[in-house]
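Q: Supplied in structure tokens, the structure appears directly below.
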Number of protein chains: 2
Amino acid sequence: MTPKRKARLALSILCEPGDPRLPGLLAAHTPVELVEAISADRRLGADPWPSSWTHRAQSLDHRLAKAERLADAAGLRWVVPGDRGWPDGLQDLDHVEPLHGATGAPLGLWVRGTGTLADVSATSVAVVGARDCTPYGAESASEIAADAAAAGVTVVSGAAFGIDASAHRGALAMGRATVAVLACDAATAYPRAHAALLSRIAESGLIVSEQPPGQVPTKARFLSRNRLIAGLAGGTVVVEARRRSGSLNTLHWADRLGRPTMAVPGPVTSQQSGGTHQAVRDGKAVLVTGGPDVLSELAGIGAAEPESVATSSTEYDQLPPPARRALDALTWRGATSARDVATAADLAPHDVAKALALLARHGLAERSTDGWLLVRRADLA
Amino acid sequence: MTPKRKARLALSILCEPGDPRLPGLLAAHTPVELVEAISADRRLGADPWPSSWTHRAQSLDHRLAKAERLADAAGLRWVVPGDRGWPDGLQDLDHVEPLHGATGAPLGLWVRGTGTLADVSATSVAVVGARDCTPYGAESASEIAADAAAAGVTVVSGAAFGIDASAHRGALAMGRATVAVLACDAATAYPRAHAALLSRIAESGLIVSEQPPGQVPTKARFLSRNRLIAGLAGGTVVVEARRRSGSLNTLHWADRLGRPTMAVPGPVTSQQSGGTHQAVRDGKAVLVTGGPDVLSELAGIGAAEPESVATSSTEYDQLPPPARRALDALTWRGATSARDVATAADLAPHDVAKALALLARHGLAERSTDGWLLVRRADLA
């Protein structure tokens, strides 16, 4: 293991992965510098190191040797930023406000199974929800996962009872790979009753954890693990969740990451749908009724009229309505300010920014010093 | 019957109620002038009268006498604009674009039962939906209607099988009045199987129709009747509706009237919830999970965080979030343009207009020649 890779592993042993201080420290110092400074208890800023970090540093060599031994035994691979297999989307987490005391891209990820994490998760959706789900929720999760899998979208989830397991099974039944992100280390089958399921997941897909080998799941680790599910996936669907349930936590991460957030409705008489209904009411998630809706949201065509999706023939038709209106407000001749686009397209400033960014990504619009210019009309392409 | 009241009745016999030409004609001429001109086939504008109108005018006296005889026999009362019992909210329909070939405030309404229409419908909600509803939908409709009734909100519906009947029954079971708006005349029990239900409705509440006595329900009349349900009610809830179902028509009327539009979710596996889910996805309705959500929407506190509703102590807290943000953007010192409010409050122009109108209705803001001024801070009231 190169010193740089080993330093990231050492940091994940010294600090709790997801510690919100890490993004700032890593922006200012290399992992090697940080490990050396913590081990020597030498300040790099005004603040002293947390005592838990310097305490663990006293037995760092022993802890590193143990982690590497367990990793070898379980066939775990250590993937770090800069590796070909590193999913770039995870770095978005470095710019997200902490939630329940955690944030930031992981220092590295332990993976087990088949394939390269970046490739497997390149087109993906998180399907998560209640452990104590209903048969309706389990069925909905499996159906959505199967539809996603059939469309070549990898399902990312935890490996918990209930919705998580149903989502994996729905995708596996279609013969597609899934990604399970664990709150314990990647070598441990947790929950134990899912040992066989986890083995099946690893046969075609990946089991992932930011925890060094030998670590147990804790409540805090479940919550910080959820940021990795949201960060690895292109969008997040919550199938069932009670109000104020932890299952909504992954949705909040996806929301903070600006990725599509989706919730499946259910009977209003079902407490397991209370949280998904609330998320829709609060504007934290878009209502989705199944795989086709999920795939539409992931493709950014969102709540377009079903007619327009069905009959669409041009790139213009495939754009979400706000982007279409923003595009209509632009000209080749001269730049239009985002504010004037907002007025012309009847969009809030935040939505205009999103719409213009989308148009730029599609090569339809570009920003100049004075505002935004039309590059090409999507409907004439 | 005064000539003016009789002229409105005559017009409702000559023209199909809901004819989209009526609002313009009534804005330019009195009902008496119109009846005289149609009867004499004398043009008042460039266009000739529709032949169906002048044809019916040939037997107008006979038709009037028949309608009055049937009305007397059934105990119907004819209520017209300007009467104390006339619900002013109906006049909003005069400014709504036609939907399925109908629009406009009714010429008058035939009512049967107990109470004054304006009083009974002053605080009201329409609860409508599929005829072929599921037991889940029937139960949801009854529960919402019961909660509304218990809170003193009158349930308005259409007396059809399924959701309509369940809504009426839920409110009646709480000992509260409901309003049934029929597509046939107000004397006829339609559907026949609901004769007993309609009698019970009339004991404490009202049966209403814009059709002259003796008229049968037609498909077009069901659709134009829906505008009266939406126009009488302070908001509309659709409990179950298939995609592209006629049950969504009332929701569209409420949407065009700018009244709260609400939809109840259900299992995604239920076709009867396909239309309500689509309405939420299309932004045509807010998801509501029961009576408390409905009452919140009617009170204009919409999708506020449940916490803030529970702990709200000021008028400011009761405002919907866009209105709060718009209020925050205003000052006493000088007028702010709606466009600047939009930017400051991060609202689309359409939402700004709605928010400012709401603030004006609450006496919190007022329009000046240069823009909008703060009148008082709701949180200091």
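Residues are referred to by chain and number: the chain letter is A, B, ... according to the order shown in the structure tokens, the number counts from 1 in that chain, and ligands are numbered separately from 1 in the order shown.
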Please identify the strand (DSSP E or B) residues within stretch 4-242 of chain A (assignment by DSSP from backbone atoms) and present them as a PDB file with N, CA and C atoms, in the first residue's frame.
A:
```pdb
ATOM      1  N   ARG A  77     -11.097  -4.639  -0.830  1.00  0.00           N
ATOM      2  CA  ARG A  77     -10.180  -3.748  -1.549  1.00  0.00           C
ATOM      3  C   ARG A  77     -10.388  -2.321  -1.022  1.00  0.00           C
ATOM      4  N   TRP A  78      -9.327  -1.553  -0.904  1.00  0.00           N
ATOM      5  CA  TRP A  78      -9.370  -0.181  -0.383  1.00  0.00           C
ATOM      6  C   TRP A  78      -9.299   0.774  -1.581  1.00  0.00           C
ATOM      7  N   VAL A  79     -10.367   1.497  -1.812  1.00  0.00           N
ATOM      8  CA  VAL A  79     -10.444   2.411  -2.957  1.00  0.00           C
ATOM      9  C   VAL A  79     -10.422   3.828  -2.414  1.00  0.00           C
ATOM     10  N   LEU A  99     -25.175  16.749   8.781  1.00  0.00           N
ATOM     11  CA  LEU A  99     -26.501  16.285   9.190  1.00  0.00           C
ATOM     12  C   LEU A  99     -26.229  15.244  10.269  1.00  0.00           C
ATOM     13  N   ALA A 102     -22.434  14.494  10.827  1.00  0.00           N
ATOM     14  CA  ALA A 102     -21.534  13.876   9.842  1.00  0.00           C
ATOM     15  C   ALA A 102     -21.632  14.609   8.521  1.00  0.00           C
ATOM     16  N   LEU A 109     -13.025   3.884   0.579  1.00  0.00           N
ATOM     17  CA  LEU A 109     -14.085   2.891   0.770  1.00  0.00           C
ATOM     18  C   LEU A 109     -13.505   1.496   0.641  1.00  0.00           C
ATOM     19  N   TRP A 110     -13.899   0.642   1.545  1.00  0.00           N
ATOM     20  CA  TRP A 110     -13.600  -0.773   1.429  1.00  0.00           C
ATOM     21  C   TRP A 110     -14.691  -1.396   0.572  1.00  0.00           C
ATOM     22  N   VAL A 111     -14.294  -2.129  -0.453  1.00  0.00           N
ATOM     23  CA  VAL A 111     -15.308  -2.782  -1.289  1.00  0.00           C
ATOM     24  C   VAL A 111     -14.999  -4.277  -1.383  1.00  0.00           C
ATOM     25  N   ARG A 112     -16.069  -5.034  -1.533  1.00  0.00           N
ATOM     26  CA  ARG A 112     -15.985  -6.490  -1.646  1.00  0.00           C
ATOM     27  C   ARG A 112     -16.969  -6.887  -2.722  1.00  0.00           C
ATOM     28  N   GLY A 113     -16.556  -7.776  -3.590  1.00  0.00           N
ATOM     29  CA  GLY A 113     -17.476  -8.262  -4.602  1.00  0.00           C
ATOM     30  C   GLY A 113     -16.923  -8.129  -5.997  1.00  0.00           C
ATOM     31  N   SER A 124     -27.177   5.029 -11.278  1.00  0.00           N
ATOM     32  CA  SER A 124     -27.677   4.304 -10.115  1.00  0.00           C
ATOM     33  C   SER A 124     -28.767   5.075  -9.410  1.00  0.00           C
ATOM     34  N   VAL A 125     -29.512   4.359  -8.596  1.00  0.00           N
ATOM     35  CA  VAL A 125     -30.565   4.980  -7.788  1.00  0.00           C
ATOM     36  C   VAL A 125     -30.589   4.280  -6.434  1.00  0.00           C
ATOM     37  N   ALA A 126     -30.732   5.071  -5.387  1.00  0.00           N
ATOM     38  CA  ALA A 126     -30.878   4.506  -4.054  1.00  0.00           C
ATOM     39  C   ALA A 126     -32.349   4.187  -3.810  1.00  0.00           C
ATOM     40  N   VAL A 127     -32.621   2.976  -3.360  1.00  0.00           N
ATOM     41  CA  VAL A 127     -33.991   2.575  -2.994  1.00  0.00           C
ATOM     42  C   VAL A 127     -33.924   2.155  -1.533  1.00  0.00           C
ATOM     43  N   VAL A 128     -34.510   2.952  -0.671  1.00  0.00           N
ATOM     44  CA  VAL A 128     -34.373   2.738   0.771  1.00  0.00           C
ATOM     45  C   VAL A 128     -35.732   2.890   1.455  1.00  0.00           C
ATOM     46  N   THR A 154     -28.265   0.816 -11.633  1.00  0.00           N
ATOM     47  CA  THR A 154     -27.874   0.007 -10.472  1.00  0.00           C
ATOM     48  C   THR A 154     -28.603   0.477  -9.220  1.00  0.00           C
ATOM     49  N   VAL A 155     -29.131  -0.474  -8.460  1.00  0.00           N
ATOM     50  CA  VAL A 155     -29.798  -0.157  -7.200  1.00  0.00           C
ATOM     51  C   VAL A 155     -28.761  -0.105  -6.083  1.00  0.00           C
ATOM     52  N   VAL A 156     -28.763   0.989  -5.335  1.00  0.00           N
ATOM     53  CA  VAL A 156     -27.900   1.166  -4.173  1.00  0.00           C
ATOM     54  C   VAL A 156     -28.810   1.161  -2.950  1.00  0.00           C
ATOM     55  N   SER A 157     -28.439   0.450  -1.897  1.00  0.00           N
ATOM     56  CA  SER A 157     -29.257   0.458  -0.688  1.00  0.00           C
ATOM     57  C   SER A 157     -28.385   0.062   0.489  1.00  0.00           C
ATOM     58  N   THR A 178     -26.172  -5.033  -7.668  1.00  0.00           N
ATOM     59  CA  THR A 178     -26.589  -3.969  -6.750  1.00  0.00           C
ATOM     60  C   THR A 178     -25.400  -3.598  -5.876  1.00  0.00           C
ATOM     61  N   VAL A 179     -25.526  -2.478  -5.181  1.00  0.00           N
ATOM     62  CA  VAL A 179     -24.492  -2.034  -4.251  1.00  0.00           C
ATOM     63  C   VAL A 179     -25.123  -1.931  -2.868  1.00  0.00           C
ATOM     64  N   ALA A 180     -24.532  -2.606  -1.886  1.00  0.00           N
ATOM     65  CA  ALA A 180     -24.993  -2.524  -0.493  1.00  0.00           C
ATOM     66  C   ALA A 180     -23.960  -1.738   0.302  1.00  0.00           C
ATOM     67  N   VAL A 181     -24.401  -0.656   0.924  1.00  0.00           N
ATOM     68  CA  VAL A 181     -23.491   0.161   1.727  1.00  0.00           C
ATOM     69  C   VAL A 181     -23.792  -0.128   3.195  1.00  0.00           C
ATOM     70  N   LEU A 206     -21.467  -5.161  -5.391  1.00  0.00           N
ATOM     71  CA  LEU A 206     -20.476  -4.757  -4.398  1.00  0.00           C
ATOM     72  C   LEU A 206     -21.067  -4.492  -3.020  1.00  0.00           C
ATOM     73  N   ILE A 207     -20.274  -4.830  -2.019  1.00  0.00           N
ATOM     74  CA  ILE A 207     -20.575  -4.463  -0.641  1.00  0.00           C
ATOM     75  C   ILE A 207     -19.538  -3.411  -0.253  1.00  0.00           C
ATOM     76  N   VAL A 208     -19.993  -2.318   0.320  1.00  0.00           N
ATOM     77  CA  VAL A 208     -19.158  -1.133   0.486  1.00  0.00           C
ATOM     78  C   VAL A 208     -19.257  -0.627   1.918  1.00  0.00           C
ATOM     79  N   SER A 209     -18.131  -0.146   2.458  1.00  0.00           N
ATOM     80  CA  SER A 209     -18.158   0.521   3.761  1.00  0.00           C
ATOM     81  C   SER A 209     -16.973   1.472   3.879  1.00  0.00           C
ATOM     82  N   THR A 236     -32.484   9.367  -5.028  1.00  0.00           N
ATOM     83  CA  THR A 236     -32.914   8.513  -3.913  1.00  0.00           C
ATOM     84  C   THR A 236     -34.434   8.397  -3.882  1.00  0.00           C
ATOM     85  N   VAL A 237     -34.908   7.166  -3.759  1.00  0.00           N
ATOM     86  CA  VAL A 237     -36.338   6.882  -3.594  1.00  0.00           C
ATOM     87  C   VAL A 237     -36.561   6.318  -2.204  1.00  0.00           C
ATOM     88  N   VAL A 238     -37.485   6.908  -1.458  1.00  0.00           N
ATOM     89  CA  VAL A 238     -37.914   6.297  -0.198  1.00  0.00           C
ATOM     90  C   VAL A 238     -39.252   5.630  -0.451  1.00  0.00           C
TER      91      VAL A 238
END
```
Q: Quick check: residues of chain A within 9 Å of chain B, only C-alpha atoms, returned as number ranges by chain.
A: A: 136, 140, 264-269, 274, 277-278, 280-283, 286-290, 302-305, 339, 342-343, 345-351
Q: Would you write out those residues with C-alpha atoms, as an mmCIF file, in the first residue's frame?
A:
```
data_model
loop_
_atom_site.group_PDB
_atom_site.id
_atom_site.type_symbol
_atom_site.label_atom_id
_atom_site.label_comp_id
_atom_site.auth_asym_id
_atom_site.auth_seq_id
_atom_site.Cartn_x
_atom_site.Cartn_y
_atom_site.Cartn_z
ATOM 1 C CA TYR A 136 -47.198 -3.378 -0.055
ATOM 2 C CA SER A 140 -43.253 -1.620 -4.380
ATOM 3 C CA VAL A 264 -43.670 6.413 -3.002
ATOM 4 C CA PRO A 265 -47.181 7.121 -1.691
ATOM 5 C CA GLY A 266 -49.319 4.528 -0.003
ATOM 6 C CA PRO A 267 -52.603 4.239 1.838
ATOM 7 C CA VAL A 268 -53.069 7.234 4.143
ATOM 8 C CA THR A 269 -54.142 4.695 6.758
ATOM 9 C CA GLY A 274 -46.648 8.739 6.851
ATOM 10 C CA HIS A 277 -46.432 11.583 2.360
ATOM 11 C CA GLN A 278 -44.930 14.221 4.626
ATOM 12 C CA VAL A 280 -44.034 15.091 -0.619
ATOM 13 C CA ARG A 281 -46.126 17.645 1.289
ATOM 14 C CA ASP A 282 -42.999 19.447 2.475
ATOM 15 C CA GLY A 283 -41.636 19.568 -1.061
ATOM 16 C CA VAL A 286 -41.408 14.159 -5.727
ATOM 17 C CA LEU A 287 -44.195 11.583 -5.668
ATOM 18 C CA VAL A 288 -43.329 8.528 -7.768
ATOM 19 C CA THR A 289 -45.710 5.674 -8.454
ATOM 20 C CA GLY A 290 -43.239 3.146 -9.820
ATOM 21 C CA GLY A 302 -39.595 14.888 -14.007
ATOM 22 C CA ALA A 303 -43.253 15.703 -13.876
ATOM 23 C CA ALA A 304 -43.621 16.268 -17.609
ATOM 24 C CA GLU A 305 -47.066 15.523 -18.986
ATOM 25 C CA ARG A 339 -32.995 37.565 -13.877
ATOM 26 C CA ALA A 342 -36.536 34.175 -14.637
ATOM 27 C CA THR A 343 -39.147 36.768 -15.520
ATOM 28 C CA ALA A 345 -39.862 31.877 -18.025
ATOM 29 C CA ASP A 346 -41.866 32.502 -14.836
ATOM 30 C CA LEU A 347 -39.260 30.741 -12.714
ATOM 31 C CA ALA A 348 -37.864 31.361 -9.244
ATOM 32 C CA PRO A 349 -34.180 32.405 -9.235
ATOM 33 C CA HIS A 350 -33.124 29.036 -7.804
ATOM 34 C CA ASP A 351 -35.007 27.164 -10.551
#
```
Q: Which residues, written as a PyMOL selection string, have at least one atom at most 10 Å from A:Ala338, with only C-alpha atoms counted and residues fewer than 6 positions away on the same chain left out?
A: chain A and resi 326+329-330+344+349+352-353+356+367+370-372
Q: Those same residues - N, CA and C atoms - I'd like them written as a PDB file, in the first residue's frame.
A:
```
ATOM      1  N   ALA A 326     -36.864  28.228 -19.996  1.00  0.00           N
ATOM      2  CA  ALA A 326     -35.632  29.019 -19.945  1.00  0.00           C
ATOM      3  C   ALA A 326     -35.009  29.085 -21.336  1.00  0.00           C
ATOM      4  N   ALA A 329     -36.453  31.546 -23.570  1.00  0.00           N
ATOM      5  CA  ALA A 329     -36.189  32.944 -23.215  1.00  0.00           C
ATOM      6  C   ALA A 329     -34.826  33.413 -23.728  1.00  0.00           C
ATOM      7  N   LEU A 330     -34.022  32.498 -24.287  1.00  0.00           N
ATOM      8  CA  LEU A 330     -32.670  32.863 -24.741  1.00  0.00           C
ATOM      9  C   LEU A 330     -32.652  33.138 -26.247  1.00  0.00           C
ATOM     10  N   ALA A 344     -39.087  36.010 -17.834  1.00  0.00           N
ATOM     11  CA  ALA A 344     -39.694  35.526 -19.073  1.00  0.00           C
ATOM     12  C   ALA A 344     -40.218  34.101 -18.910  1.00  0.00           C
ATOM     13  N   PRO A 349     -35.615  32.311  -8.963  1.00  0.00           N
ATOM     14  CA  PRO A 349     -34.180  32.405  -9.235  1.00  0.00           C
ATOM     15  C   PRO A 349     -33.449  31.072  -9.087  1.00  0.00           C
ATOM     16  N   VAL A 352     -34.222  28.911 -12.038  1.00  0.00           N
ATOM     17  CA  VAL A 352     -33.558  29.409 -13.234  1.00  0.00           C
ATOM     18  C   VAL A 352     -32.119  28.929 -13.260  1.00  0.00           C
ATOM     19  N   ALA A 353     -31.450  29.024 -12.129  1.00  0.00           N
ATOM     20  CA  ALA A 353     -30.050  28.596 -12.073  1.00  0.00           C
ATOM     21  C   ALA A 353     -29.941  27.124 -12.446  1.00  0.00           C
ATOM     22  N   LEU A 356     -30.699  26.711 -16.267  1.00  0.00           N
ATOM     23  CA  LEU A 356     -29.604  27.180 -17.117  1.00  0.00           C
ATOM     24  C   LEU A 356     -28.411  26.225 -17.038  1.00  0.00           C
ATOM     25  N   ARG A 367     -22.836  30.527 -20.829  1.00  0.00           N
ATOM     26  CA  ARG A 367     -22.783  31.743 -20.052  1.00  0.00           C
ATOM     27  C   ARG A 367     -21.723  32.665 -20.666  1.00  0.00           C
ATOM     28  N   ASP A 370     -22.055  38.818 -19.957  1.00  0.00           N
ATOM     29  CA  ASP A 370     -23.263  39.631 -19.744  1.00  0.00           C
ATOM     30  C   ASP A 370     -24.498  38.820 -19.388  1.00  0.00           C
ATOM     31  N   GLY A 371     -24.403  37.504 -19.453  1.00  0.00           N
ATOM     32  CA  GLY A 371     -25.591  36.702 -19.188  1.00  0.00           C
ATOM     33  C   GLY A 371     -25.523  35.398 -19.955  1.00  0.00           C
ATOM     34  N   TRP A 372     -26.651  34.965 -20.470  1.00  0.00           N
ATOM     35  CA  TRP A 372     -26.726  33.650 -21.104  1.00  0.00           C
ATOM     36  C   TRP A 372     -27.096  33.778 -22.574  1.00  0.00           C
TER      37      TRP A 372
END
```
Q: May I have all residues of stretch 53-260 of chain B that DSSP, computed from the backbone, assigns to helix (DSSP H, G or I), given as an MDAnalysis selection string?
A: chainID B and resid 53:57 60:74 88:95 117:120 135:150 163:173 192:204 219:232 247:256
Q: Can you pull out every residue within 8 Å of A:Ile144, counting only C-alpha atoms, but drop anything in the same chain fewer than 3 positions away, and send it as a ChimeraX atom specification?
A: /A:140-141,147-148,167,170,290-291,294
Q: For B:Ala122, which residue out of B:Gly235, B:Gly18, B:Pro81, B:Pro191 is the nearest one, using only C-alpha atoms?
A: B:Gly235
Q: Identify, on the basis of only C-alpha atoms, every residue whose closest approach to A:Asp92 does not exceed 12 Å; exclude the query and any residue fewer than 6 positions from it along the same chain; express the result as a PDB file with C-alpha atoms, in the first residue's frame.
A:
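Below is the file that was written, out_31.pdb:
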```
ATOM      1  CA  PRO A  23     -13.134  18.092   4.650  1.00  0.00           C
ATOM      2  CA  THR A 103     -20.578  15.064   6.381  1.00  0.00           C
ATOM      3  CA  GLY A 104     -17.834  14.916   3.787  1.00  0.00           C
ATOM      4  CA  ALA A 105     -16.622  12.512   1.152  1.00  0.00           C
ATOM      5  CA  PRO A 106     -15.333   9.291   2.687  1.00  0.00           C
ATOM      6  CA  ARG A 227     -24.810   9.983   3.213  1.00  0.00           C
ATOM      7  CA  LEU A 228     -22.753   7.439   1.249  1.00  0.00           C
ATOM      8  CA  ALA A 230     -27.171   9.212  -1.288  1.00  0.00           C
ATOM      9  CA  GLY A 231     -23.737  10.253  -2.502  1.00  0.00           C
ATOM     10  CA  LEU A 232     -23.152   7.101  -4.562  1.00  0.00           C
ATOM     11  CA  ALA A 233     -26.597   7.154  -6.200  1.00  0.00           C
ATOM     12  CA  GLY A 234     -27.894   9.442  -8.912  1.00  0.00           C
ATOM     13  CA  TRP A 253     -28.778  13.772   2.132  1.00  0.00           C
ATOM     14  CA  ALA A 254     -29.899  13.456  -1.488  1.00  0.00           C
ATOM     15  CA  ARG A 256     -28.710  18.500   0.236  1.00  0.00           C
ATOM     16  CA  LEU A 257     -26.700  17.034  -2.637  1.00  0.00           C
ATOM     17  CA  GLY A 258     -29.218  18.454  -5.117  1.00  0.00           C
ATOM     18  CA  ARG A 259     -29.954  14.973  -6.486  1.00  0.00           C
TER      19      ARG A 259
END
```
Q: Using only C-alpha atoms, which protein or nucleic acid residues come within 7 Å of A:Arg176? Drop anything in the same chain fewer than 3 positions from it, and give the result as a list in words.
A: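 Skipping anything fewer than 3 positions along the chain leaves Ala149, Ala171 and Leu172 of chain A.
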Q: Which residues come within 9 Å of B:Ile38, counting only C-alpha atoms, excluding same-chain residues fewer than 5 positions away, as a list in words?
A: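 Selected residues are Leu14, Glu33, Arg43, Leu44, Trp49, Trp53, Thr54 and Ala57 of chain B.
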Q: Rounded to one decimal, what separation in Å do you get between atom CA of A:Val341 and atom CA of B:Ala365?
A: 27.1 Å
Q: Rank B:His252, B:Arg5, B:Arg244, B:Arg169 by their smallest atom-to-atom distance to B:Gly82, using only C-alpha atoms, and report the top residue only.
A: B:Arg5
Q: Calculated over only C-alpha atoms, which of the candidates A:His100, A:Arg324, A:Arg200, A:Arg221 has the smallest distance to A:Pro20?
A: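 Closest residue, counting only C-alpha atoms: A:His100.
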Q: Have a look at atom CA of B:Pro87 and atom CA of B:Ser224 and let me know their distance in Å, one decimal.
A: 17.6 Å
